[in-house]
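Single-structure report; data block below.
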Amino acid sequence: NMPSIMKKLGLIQFFSWFAFFIMWSLATPALTEHVFQSPAPEIKFYDLNNENDVKKFELNNKKYQDAADLVGSYMGTYGLSSMAFALVLTFYTSRKNLNRKHTHMISLLIGGIGFIIMKYIPDHNWLTLSFIFIGISWGSILSMPYAMLSSSINENQMGLYMGLFNMFIVFPQIVAALGGANFLYKILGDQSINAMTLAGICLFIAGLCNLLITDKKVISYESN
C-alpha cells in the first residue's frame, strides 16, 4: 500500500545516497591520486632493507598524507554550502512560492556537475567549486524529498511512512558497500577518479527522476 509518490521519491533517494556513499568512501583515494598526483604508496613496491627505498617510501607517504588532509578540508566545504543553501531556501519560501520538484532536480544536477568536473580541473583549488556544487545537492537531499513526501501522505500515518522512507537511505549504501560502487566505477575505467564520475552520473539520474513526479500538491509549496 506504499503511495506511488513514495516509490518515485525512493528511486531519487537511491541514486542520491548511492552517489554520496561513493564520495564518503572513495573521494580520498580518487582525489589524492588524480588531482594531487600523490597516491598512497604501496609498501610491497619498496625494499625496506634499502635505506634509499625507505626514504622514498616515507617521502611519498608524507605527500599522500598531506594530500589526504587537504581532501578532508575541501570536503568540509560541502557542509558549509549546504547550510548556506538551506538558509537561502528558508528565506525564499517565507516570501515566495517554491517549486520543490524543479528545485530538487536542479540541485541534484548541479551536484552531479560538481562530481564530474573533478576529472578535468587543472589544479586542486578548483575542488572548492566542486564541493560547493555538491553541498547544494546535499542541502536539497536533506529537505526536499521529505517535504514532498509529507504533502502526499495521511498525517495520521506520517510517522510510519517517514520511518519506512529511511530504508531508501540505507539500501543504496548497503549495495554500494557490498561492492556495487567499486564494480560500477571500474566499468568506466581503472582510474580511481572514475568513482567521482560515477557519483556524478548517479546524481544526474536522481535529478532526472524528478520528472516522474507529477502531483501538483507534492510539487508546489505556497508561502503563507
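By order in the C-alpha cells, chains are A, B, ...; within a chain, residues start at 1; ligands start at 1, following the order shown.
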Residues of range 3-119 of chain A that approach range 207-215 of chain A to 6 Å or less, counting only C-alpha atoms: could you list each one with the shortest pair of atoms and its distance in Å to one decimal, rows by chain and increasing residue number, as CSV?
```
residue,atom,partner,partner_atom,distance
A:Ile12,CA,A:Cys209,CA,5.9
A:Met105,CA,A:Gly207,CA,4.3
A:Leu108,CA,A:Gly207,CA,5.0
A:Leu109,CA,A:Gly207,CA,5.7
```
Taking the backbone alone, and naming residues the way the document does, which bits of range 37-111 of chain A are alpha helix (DSSP H) by DSSP, as a ChimeraX atom specification? /A:51-93,100-111
Show which residues sit within 12 Å of Ala147 in chain A, as a ChimeraX atom specification. Count only C-alpha atoms, and ignore same-chain residues fewer than 6 positions away. /A:5-6,9,98-101,103-104,140-141,153,158,162,217-221
In Å to one decimal, how far is CA of Gly159 in chain A from CA of Gly135 in chain A?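 Spanning CA of Gly135 in chain A to CA of Gly159 in chain A is a straight-line distance of 27.6 Å.
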Met75 in chain A environment, 10 Å, only C-alpha atoms, sequence neighbours closer than 2 positions dropped, as a ChimeraX atom specification: /A:23-24,27-28,69-73,77-80,127-128,130-132,134-135
Closest to Val35 in chain A among A:Ala67, A:Ile22, A:Leu89, A:Leu178, using only C-alpha atoms?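 With only C-alpha atoms as the atom set, the closest residue is A:Ala67.
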CA of Phe18 in chain A to CA of Leu149 in chain A, straight-line distance in Å: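 Value for the CA of Leu149 in chain A-CA of Phe18 in chain A distance: 19.8 Å.
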Would you pick out the contacts of Ile117 in chain A at 10 Å or less, using only C-alpha atoms, so that residues sharing its chain but fewer than 2 positions from it are not included, and give the list as a PyMOL selection string? chain A and resi 112-115+119-122+126-127+129-130+196-197+200
Selection file, N, CA, C and O atoms, as a compact mmCIF listing (two decimals), in the first residue's frame:
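The result, stored in result_4.txt:
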```txt
# COMPACT_ATOMS: atom_id res chain seq x y z
N GLY A 112 25.81 16.88 -9.52
CA GLY A 112 26.40 15.97 -10.50
C GLY A 112 27.53 16.64 -11.27
O GLY A 112 28.58 16.03 -11.51
N ILE A 113 27.34 17.90 -11.62
CA ILE A 113 28.39 18.66 -12.30
C ILE A 113 29.62 18.78 -11.39
O ILE A 113 30.76 18.63 -11.84
N GLY A 114 29.36 19.04 -10.10
CA GLY A 114 30.46 19.15 -9.14
C GLY A 114 31.32 17.91 -9.10
O GLY A 114 32.57 18.01 -9.02
N PHE A 115 30.71 16.74 -9.16
CA PHE A 115 31.47 15.49 -9.17
C PHE A 115 32.22 15.29 -10.49
O PHE A 115 33.39 14.93 -10.50
N LYS A 119 37.35 15.40 -12.61
CA LYS A 119 38.26 14.69 -13.51
C LYS A 119 39.00 15.66 -14.43
O LYS A 119 40.05 15.32 -14.98
N TYR A 120 38.48 16.87 -14.57
CA TYR A 120 39.01 17.78 -15.59
C TYR A 120 39.59 19.08 -15.03
O TYR A 120 40.10 19.89 -15.80
N ILE A 121 39.53 19.29 -13.73
CA ILE A 121 40.03 20.54 -13.16
C ILE A 121 41.55 20.62 -13.29
O ILE A 121 42.24 19.61 -13.16
N PRO A 122 42.09 21.83 -13.52
CA PRO A 122 43.54 21.97 -13.74
C PRO A 122 44.37 21.87 -12.46
O PRO A 122 45.54 21.49 -12.51
N TRP A 126 40.35 24.17 -7.55
CA TRP A 126 39.00 24.06 -8.12
C TRP A 126 38.10 23.12 -7.34
O TRP A 126 36.88 23.11 -7.55
N LEU A 127 38.67 22.35 -6.44
CA LEU A 127 37.84 21.46 -5.62
C LEU A 127 36.87 22.23 -4.75
O LEU A 127 35.81 21.71 -4.38
N LEU A 129 35.07 24.77 -5.68
CA LEU A 129 33.87 24.92 -6.51
C LEU A 129 33.12 23.60 -6.60
O LEU A 129 31.88 23.57 -6.48
N SER A 130 33.84 22.51 -6.80
CA SER A 130 33.20 21.20 -6.89
C SER A 130 32.37 20.90 -5.65
O SER A 130 31.20 20.49 -5.73
N MET A 196 34.34 9.23 -8.84
CA MET A 196 33.66 10.52 -8.73
C MET A 196 32.77 10.78 -9.95
O MET A 196 31.70 11.37 -9.84
N THR A 197 33.22 10.31 -11.11
CA THR A 197 32.39 10.43 -12.31
C THR A 197 31.11 9.62 -12.14
O THR A 197 30.02 10.07 -12.51
N GLY A 200 28.73 11.45 -10.01
CA GLY A 200 28.07 12.50 -10.78
C GLY A 200 26.96 11.96 -11.65
O GLY A 200 25.87 12.54 -11.74
```
